[in-house]
Structure formats: C-alpha cells, structure tokens
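Peer 1: Next comes data_5.cif, mmCIF, C-alpha atoms:
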```
data_target
#
loop_
_atom_site.group_PDB
_atom_site.id
_atom_site.type_symbol
_atom_site.label_atom_id
_atom_site.label_comp_id
_atom_site.auth_asym_id
_atom_site.auth_seq_id
_atom_site.Cartn_x
_atom_site.Cartn_y
_atom_site.Cartn_z
ATOM 1 C CA MET A 1 58.182 -237.961 77.717
ATOM 2 C CA LYS A 2 60.720 -235.188 78.457
ATOM 3 C CA ARG A 3 61.845 -235.253 74.807
ATOM 4 C CA ASN A 4 58.242 -234.867 73.571
ATOM 5 C CA LEU A 5 57.732 -231.952 75.983
ATOM 6 C CA ASN A 6 60.897 -230.187 74.736
ATOM 7 C CA LEU A 7 59.877 -230.737 71.114
ATOM 8 C CA GLY A 8 56.403 -229.439 71.924
ATOM 9 C CA LEU A 9 57.805 -226.288 73.563
ATOM 10 C CA VAL A 10 60.134 -225.647 70.630
ATOM 11 C CA LEU A 11 57.239 -225.973 68.177
ATOM 12 C CA PHE A 12 54.995 -223.801 70.363
ATOM 13 C CA PHE A 13 57.538 -220.962 70.651
ATOM 14 C CA THR A 14 58.433 -221.204 66.968
ATOM 15 C CA LEU A 15 54.779 -220.911 66.009
ATOM 16 C CA VAL A 16 54.010 -218.077 68.461
ATOM 17 C CA PHE A 17 57.143 -216.108 67.565
ATOM 18 C CA GLY A 18 56.649 -216.696 63.851
ATOM 19 C CA LEU A 19 53.022 -215.547 63.904
ATOM 20 C CA SER A 20 53.851 -212.528 66.042
ATOM 21 C CA MET A 21 56.291 -211.348 63.373
ATOM 22 C CA VAL A 22 53.743 -211.458 60.529
ATOM 23 C CA GLY A 23 53.104 -207.899 59.383
ATOM 24 C CA CYS A 24 55.809 -206.447 61.641
ATOM 25 C CA GLY A 25 58.921 -204.601 60.693
ATOM 26 C CA THR A 26 59.903 -202.355 57.818
ATOM 27 C CA PHE A 27 59.629 -203.529 54.262
ATOM 28 C CA VAL A 28 63.051 -203.645 52.663
ATOM 29 C CA PRO A 29 62.998 -204.279 48.913
ATOM 30 C CA ALA A 30 65.146 -207.092 47.600
ATOM 31 C CA ALA A 31 68.419 -206.134 45.940
ATOM 32 C CA ASP A 32 66.912 -207.002 42.572
ATOM 33 C CA ALA A 33 63.689 -205.013 43.136
ATOM 34 C CA PRO A 34 62.970 -202.636 40.254
ATOM 35 C CA ILE A 35 64.365 -199.137 40.819
ATOM 36 C CA SER A 36 63.889 -196.388 38.290
ATOM 37 C CA TYR A 37 67.059 -196.313 36.230
ATOM 38 C CA SER A 38 65.639 -196.152 32.744
ATOM 39 C CA LEU A 39 67.148 -193.211 30.878
ATOM 40 C CA PRO A 40 63.795 -191.981 29.500
ATOM 41 C CA ASP A 41 62.596 -191.683 33.138
ATOM 42 C CA LEU A 42 65.297 -189.086 33.786
ATOM 43 C CA ILE A 43 64.213 -186.724 30.988
ATOM 44 C CA GLY A 44 62.986 -183.370 32.278
ATOM 45 C CA VAL A 45 63.990 -180.355 34.324
ATOM 46 C CA TRP A 46 65.405 -180.896 37.821
ATOM 47 C CA GLU A 47 66.013 -178.095 40.317
ATOM 48 C CA GLY A 48 67.832 -177.963 43.639
ATOM 49 C CA SER A 49 71.434 -177.634 44.758
ATOM 50 C CA TYR A 50 74.792 -179.339 45.039
ATOM 51 C CA THR A 51 77.743 -178.917 47.330
ATOM 52 C CA ALA A 52 81.367 -178.680 46.222
ATOM 53 C CA ASN A 53 84.442 -176.628 47.207
ATOM 54 C CA GLN A 54 82.516 -173.369 46.818
ATOM 55 C CA GLY A 55 79.751 -174.545 49.185
ATOM 56 C CA GLU A 56 76.076 -175.064 48.471
ATOM 57 C CA THR A 57 75.319 -173.906 44.947
ATOM 58 C CA GLY A 58 72.058 -173.673 43.003
ATOM 59 C CA LEU A 59 71.548 -176.286 40.300
ATOM 60 C CA THR A 60 69.057 -176.576 37.476
ATOM 61 C CA MET A 61 69.611 -179.608 35.313
ATOM 62 C CA THR A 62 67.796 -180.332 32.067
ATOM 63 C CA VAL A 63 68.019 -183.923 30.808
ATOM 64 C CA TYR A 64 67.056 -184.653 27.189
ATOM 65 C CA GLU A 65 67.491 -187.185 24.396
ATOM 66 C CA GLU A 66 69.277 -186.200 21.188
ATOM 67 C CA ASN A 67 69.836 -188.598 18.288
ATOM 68 C CA GLY A 68 69.554 -191.642 20.545
ATOM 69 C CA HIS A 69 71.977 -190.246 23.153
ATOM 70 C CA TYR A 70 71.019 -188.860 26.549
ATOM 71 C CA LYS A 71 72.488 -185.525 27.552
ATOM 72 C CA ALA A 72 72.017 -182.870 30.193
ATOM 73 C CA ILE A 73 72.677 -179.195 30.683
ATOM 74 C CA PHE A 74 74.132 -178.524 34.134
ATOM 75 C CA TYR A 75 73.365 -174.898 35.071
ATOM 76 C CA PHE A 76 74.802 -173.665 38.384
ATOM 77 C CA TYR A 77 74.332 -170.358 40.149
ATOM 78 C CA TYR A 78 74.835 -168.344 43.313
ATOM 79 C CA LEU A 79 72.437 -168.953 46.224
ATOM 80 C CA PRO A 80 72.118 -165.877 48.463
ATOM 81 C CA GLY A 81 72.678 -166.546 52.146
ATOM 82 C CA ARG A 82 74.205 -169.990 51.602
ATOM 83 C CA THR A 83 77.715 -171.282 52.167
ATOM 84 C CA ASN A 84 78.745 -170.484 48.591
ATOM 85 C CA THR A 85 78.918 -166.750 49.307
ATOM 86 C CA ALA A 86 82.592 -166.992 50.298
ATOM 87 C CA PHE A 87 83.559 -168.247 46.832
ATOM 88 C CA MET A 88 80.891 -166.958 44.448
ATOM 89 C CA GLN A 89 79.685 -163.483 43.685
ATOM 90 C CA GLU A 90 76.016 -162.610 43.349
ATOM 91 C CA GLY A 91 75.023 -163.206 39.746
ATOM 92 C CA GLU A 92 77.922 -165.596 39.117
ATOM 93 C CA GLU A 93 76.730 -168.605 37.166
ATOM 94 C CA GLY A 94 77.797 -171.119 34.560
ATOM 95 C CA SER A 95 76.674 -174.102 32.541
ATOM 96 C CA TYR A 96 77.979 -177.078 30.613
ATOM 97 C CA TYR A 97 76.871 -180.161 28.720
ATOM 98 C CA MET A 98 76.910 -183.628 30.232
ATOM 99 C CA ASN A 99 76.638 -187.151 28.837
ATOM 100 C CA VAL A 100 74.062 -189.233 30.699
ATOM 101 C CA SER A 101 74.145 -193.006 31.182
ATOM 102 C CA ALA A 102 72.552 -195.611 33.440
ATOM 103 C CA ASN A 103 74.655 -198.248 35.170
ATOM 104 C CA HIS A 104 72.394 -201.289 35.372
ATOM 105 C CA SER A 105 74.649 -203.155 37.823
ATOM 106 C CA THR A 106 74.653 -200.302 40.388
ATOM 107 C CA ARG A 107 71.221 -198.984 39.334
ATOM 108 C CA LYS A 108 72.589 -195.458 39.310
ATOM 109 C CA TYR A 109 72.625 -192.687 36.764
ATOM 110 C CA ASN A 110 75.997 -191.216 35.765
ATOM 111 C CA LEU A 111 76.285 -187.692 34.370
ATOM 112 C CA VAL A 112 79.692 -186.612 33.064
ATOM 113 C CA GLY A 113 80.549 -183.049 31.985
ATOM 114 C CA TYR A 114 82.232 -182.596 28.617
ATOM 115 C CA GLU A 115 81.797 -179.066 27.160
ATOM 116 C CA TRP A 116 81.336 -175.593 28.618
ATOM 117 C CA ILE A 117 78.404 -173.460 27.513
ATOM 118 C CA ASP A 118 79.248 -170.588 29.873
ATOM 119 C CA ARG A 119 82.367 -170.874 32.052
ATOM 120 C CA PRO A 120 82.475 -168.180 34.777
ATOM 121 C CA GLY A 121 86.281 -168.274 35.071
ATOM 122 C CA SER A 122 89.327 -170.387 34.376
ATOM 123 C CA SER A 123 89.351 -171.802 37.919
ATOM 124 C CA TRP A 124 86.007 -173.530 37.380
ATOM 125 C CA SER A 125 85.964 -177.203 36.388
ATOM 126 C CA PHE A 126 83.265 -179.780 35.687
ATOM 127 C CA VAL A 127 81.787 -181.876 38.450
ATOM 128 C CA ASP A 128 80.171 -185.177 37.536
ATOM 129 C CA LEU A 129 77.168 -186.734 39.241
ATOM 130 C CA GLU A 130 76.206 -190.257 40.258
ATOM 131 C CA GLY A 131 72.843 -190.891 41.846
ATOM 132 C CA ILE A 132 69.469 -192.534 42.107
ATOM 133 C CA VAL A 133 65.895 -191.399 41.586
ATOM 134 C CA HIS A 134 63.188 -191.963 44.190
ATOM 135 C CA GLY A 135 59.912 -190.645 42.828
ATOM 136 C CA ASN A 136 60.574 -187.055 41.794
ATOM 137 C CA VAL A 137 63.804 -186.639 43.780
ATOM 138 C CA PHE A 138 67.232 -187.297 42.275
ATOM 139 C CA THR A 139 70.042 -187.477 44.863
ATOM 140 C CA GLY A 140 73.591 -188.684 44.954
ATOM 141 C CA THR A 141 77.271 -187.940 44.968
ATOM 142 C CA VAL A 142 79.189 -185.127 43.285
ATOM 143 C CA LEU A 143 82.321 -186.617 41.734
ATOM 144 C CA GLY A 144 85.189 -184.164 41.508
ATOM 145 C CA GLY A 145 85.526 -180.847 43.219
ATOM 146 C CA GLY A 146 88.249 -182.032 45.582
ATOM 147 C CA GLY A 147 86.182 -183.810 48.222
ATOM 148 C CA THR A 148 83.090 -185.824 49.048
ATOM 149 C CA PHE A 149 80.004 -183.823 48.174
ATOM 150 C CA SER A 150 76.336 -184.397 47.416
ATOM 151 C CA PHE A 151 73.472 -183.111 45.283
ATOM 152 C CA ARG A 152 69.688 -183.112 45.535
ATOM 153 C CA VAL A 153 67.330 -181.986 42.788
ATOM 154 C CA VAL A 154 63.554 -182.274 42.397
ATOM 155 C CA ARG A 155 61.657 -182.736 39.138
ATOM 156 C CA LYS A 156 59.906 -179.522 38.055
#
```
Here is a file; write its structure as structure tokens.
Peer 2:
Amino acid sequence: MKRNLNLGLVLFFTLVFGLSMVGCGTFVPAADAPISYSLPDLIGVWEGSYTANQGETGLTMTVYEENGHYKAIFYFYYLPGRTNTAFMQEGEEGSYYMNVSANHSTRKYNLVGYEWIDRPGSSWSFVDLEGIVHGNVFTGTVLGGGGTFSFRVVRK
C-alpha cells in the first residue's frame, strides 16, 4: 500500500509539474535552427559603427555580388563627439574592398579586407569582420586592430 501511495504521488507531481511548465519559459532555438547566413541575404547597404583602437568609428558597408563572388566596400569615417576624436580628425575617412564568405559550421559571415580604395595614412590597416544577421541588424566581432572590438550595422 505504501509503495502504491509513493508511486501515485510521484505520478501526481510529475503530471502537475509537467503541465505547469507547458507554455512557460523562453523559446530557445535549437542549434540547428535556420539562421540567415546565405550570402545573397547579406547584399545591400549597411550603416552603423565599429570600435577599434581609434574608438567608435562610423561605418557604411556595401555588400554586392560580382562574377559569382561576394564582396564588400568597407567605408569608415569620423563620428563627431564619439571616442574616435582622440585619433581621427574631422573629415578623416577611408575605404577598402573585402571578400565576403559564409561559414556554414559557425553560421557566421566573414569579411576580410584585401585592397585599399582610399587609405587615410600609412598607419591605417584593414580590420576584418565576423558576425551574424538578426533581421536587419548585422553585429559581431572586429578582427584585428590590436584588441577585442565589435561592430553593429543596420540595413538601409
């Protein structure tokens, strides 16, 4: 009799607790849930900023397809009143080309600089980007620049 009572209580609490959890909590997508990492989805103009040694810097990035390869133009510029004022002068800007790829195992985009269009000075070097897209926001890590930095751009 005691064993049947214990089994009954275990089943009762399992059922009550289980039903009470239905519809509760935050939805967390499975690791294999589809995330936008298709290269055509990245095509367009993105605007925002990135942080590197010089501080927060304006960024407009144009991603396009050319002869079956995905590329980007990384255009950076001074942001008045931001932390970049110690290292950049008003009107200082530059741009370079990047190769764009998607890493299907990490589900991240990788953008790697390869040729200057307009280099503001010999001390400037490329920074590369690695990130993910959520809706119209592309965020991630700035690779290079002597530290751990981030970027955030929004589709125009």
Peer 1: Dig up all the protein and nucleic acid residues within 12 Å of (74.8, -194.3, 33.1) in the file frame, using only C-alpha atoms, and format them as a PyMOL selection string.
Peer 2: chain A and resi 37-40+42+69-71+98-112+128-132
Peer 1: Got a sec to resolve the PyMOL selection byres ((chain A and resi 114) around 6) on this structure and send the residues as a PyMOL selection string?
Peer 2: chain A and resi 97-98+113+115
Peer 1: Can you list, as a VMD selection string, every protein, DNA or RNA residue that comes within 6 Å of segment 57-63 of chain A when you count all atoms listed in the file, leaving out same-chain residues fewer than 3 positions away?
Peer 2: chain A and resid 43 to 50 71 to 79
Peer 1: Could you please determine the separation between atom CA of Pro80 of chain A and atom CA of Ser95 of chain A in Å, to one decimal place?
Peer 2: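 Computed distance, atom CA of Pro80 of chain A to atom CA of Ser95 of chain A, equals 18.5 Å.
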Peer 1: Interatomic distance between atom CA of Phe126 of chain A and atom CA of Phe151 of chain A?
Peer 2: 14.1 Å
Peer 1: Under the rule that only C-alpha atoms are counted, which of A:Glu56, A:Thr51, A:Arg155, A:Tyr64 is the nearest residue to Leu143 of chain A?
Peer 2: A:Thr51
Peer 1: As an exercise, work out the distance from atom CA of Glu93 of chain A to atom CA of Pro120 of chain A in Å and give it to one decimal place.
Peer 2: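 These two atoms are separated by 6.2 Å.
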Peer 1: Kindly indicate which residue among A:Gly121, A:Asn67, A:Gln54, A:Asp41 lies nearest to Val137 of chain A, using all atoms listed in the file for the distances.
Peer 2: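 Nearest to Val137 of chain A: A:Asp41.
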Peer 1: Just need the box for segment 140-150 of chain A, edges along x, y and z, holding every atom the file lists for it with 6 Å tacked onto each side, so centre and edge lengths in Å to one decimal, as lines of an AutoDock Vina configuration file.
Peer 2:
```
center_x = 80.9
center_y = -184.8
center_z = 45.3
size_x = 26.7
size_y = 19.8
size_z = 19.5
```
Peer 1: When the PyMOL selection byres ((chain A and resi 135) around 10) is applied to the structure above, which residues does it catch, written out as a PyMOL selection string?
Peer 2: chain A and resi 35-36+132-134+136-138+154-155
Peer 1: Measuring between only C-alpha atoms, which one of A:Glu66, A:Trp116, A:Val127, A:Gly94 shows the shortest distance to Phe149 of chain A?
Peer 2: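 The answer is A:Val127, which sits nearest to Phe149 of chain A.
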